[in-house]
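Enquirer: Before anything else, here's the structure in question.
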Amino acid sequence: MLAIQIFIYLQVLDFLTTMIGFHLGASEASPFIVKLIHATSPALGVGLSKLVALGIGALCVALQRQRLISWINYWYAGLIVWNMSIITVVLSGSNILPNIH
């Protein structure tokens with residue numbers, strides 16, 4: 001149960017850090033999310049991708065694969081660290097990352 005709660009929190013944190021990154025001029029690296037953004041808006045596109053992730057998480061629960069959610073949490077934790085790194089670089093005034101406009 002804890003892994004599921006962490007999964008939900010990580011989805012929220014990924015959404016928030018992605019939105020902050022966009023506000024600071026960062027771009028999205030995922031082709032899937034880029035297509036969602038171009039079809040809608042940045043917030044709606046990322047939000048839809050979070051709904052897909054939550055749906056996959058619910059499928060894991062329904063199939064009794066909660067252990068898989070624990071592994072997926074590591075991936076999302078890494079994404080949030082990446083987002084925070086980009087935010088830190090932008091706020092520091094450095095231009096060392098190629099996906100910063």
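Every chain in the structure tokens takes a letter, A first, then B, and so on in the order presented; its residues are numbered from 1, and the ligands are numbered from 1 following the presented order.
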Which of segment 12-54 of chain A counts as alpha helix (DSSP H) under DSSP, as number ranges by chain please?
Expert: A: 12-23, 31-39, 42-54
Enquirer: Measuring atom to atom with only C-alpha atoms, identify which of A:Asn73, A:Gln64, A:Ser49, A:Thr40 is nearest to Tyr9 of chain A.
Expert: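 Ranked by minimum distance to Tyr9 of chain A, first place goes to A:Asn73.
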Enquirer: Show which residues sit within 10 Å of Ile37 of chain A, as a ChimeraX atom specification. Count only C-alpha atoms, and ignore same-chain residues fewer than 4 positions away.
Expert: /A:28,31-33,41-49
Enquirer: Show which residues sit within 12 Å of His23 of chain A, as a PyMOL selection string. Count only C-alpha atoms, and ignore same-chain residues fewer than 2 positions away.
Expert: chain A and resi 16-21+25-28+42-43+86-87+90-91+100-101
Enquirer: Just give me the gap between atom CA of Leu79 of chain A and atom CA of Ala62 of chain A in Å, one decimal is fine.
Expert: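 So the two atoms, atom CA of Leu79 of chain A and atom CA of Ala62 of chain A, lie 25.2 Å apart.
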Enquirer: I'd like to know which of A:Gly78, A:Met84, A:Gln11, A:Ser30 is closest to Val52 of chain A, using only C-alpha atoms.
Expert: A:Gln11
Enquirer: So the first atom is atom CA of Asp14 of chain A and the second is atom CA of Gly93 of chain A; what is the distance between them in Å, to one decimal place?
Expert: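 Taking atom CA of Asp14 of chain A and atom CA of Gly93 of chain A, their separation equals 22.5 Å.
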Enquirer: Mind giving me the straight-line distance from atom CA of Ser94 of chain A to atom CA of Trp82 of chain A in Å, one decimal?
Expert: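 Pair atom CA of Ser94 of chain A / atom CA of Trp82 of chain A returns 15.5 Å.
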Enquirer: May I have the residues within 12 Å of Arg65 of chain A as JSON, numbers by chain, using only C-alpha atoms and disregarding those fewer than 5 positions away in the same chain?
Expert: {"A": [1, 3, 4, 56, 57, 58, 59, 60, 70, 71, 72]}
Enquirer: Mind writing the picked residues with N, CA and C atoms as a CSV table (one decimal), in the first residue's frame?
Expert:
chain,number,residue,atom,x,y,z
A,1,MET,N,0.8,-1.2,0.0
A,1,MET,CA,0.0,0.0,0.0
A,1,MET,C,0.9,1.3,0.0
A,3,ALA,N,3.8,1.7,-1.4
A,3,ALA,CA,4.3,1.9,-2.7
A,3,ALA,C,3.3,2.6,-3.6
A,4,ILE,N,2.0,2.3,-3.5
A,4,ILE,CA,1.0,2.9,-4.3
A,4,ILE,C,0.8,4.4,-3.9
A,56,ILE,N,-2.1,2.9,-15.6
A,56,ILE,CA,-1.2,1.7,-15.6
A,56,ILE,C,-0.9,1.3,-14.2
A,57,GLY,N,-0.8,2.2,-13.3
A,57,GLY,CA,-0.6,1.8,-11.9
A,57,GLY,C,-1.9,1.1,-11.3
A,58,ALA,N,-3.0,1.5,-11.7
A,58,ALA,CA,-4.3,0.8,-11.3
A,58,ALA,C,-4.3,-0.6,-11.9
A,59,LEU,N,-3.9,-0.7,-13.1
A,59,LEU,CA,-3.8,-2.0,-13.8
A,59,LEU,C,-2.9,-2.9,-13.0
A,60,CYS,N,-1.7,-2.4,-12.6
A,60,CYS,CA,-0.8,-3.2,-11.8
A,60,CYS,C,-1.5,-3.7,-10.5
A,70,SER,N,6.6,-0.6,-7.1
A,70,SER,CA,7.8,-0.3,-6.3
A,70,SER,C,9.0,0.0,-7.2
A,71,TRP,N,9.1,-0.8,-8.2
A,71,TRP,CA,10.2,-0.5,-9.2
A,71,TRP,C,10.0,0.7,-10.0
A,72,ILE,N,8.8,0.9,-10.4
A,72,ILE,CA,8.4,2.1,-11.2
A,72,ILE,C,8.7,3.4,-10.4
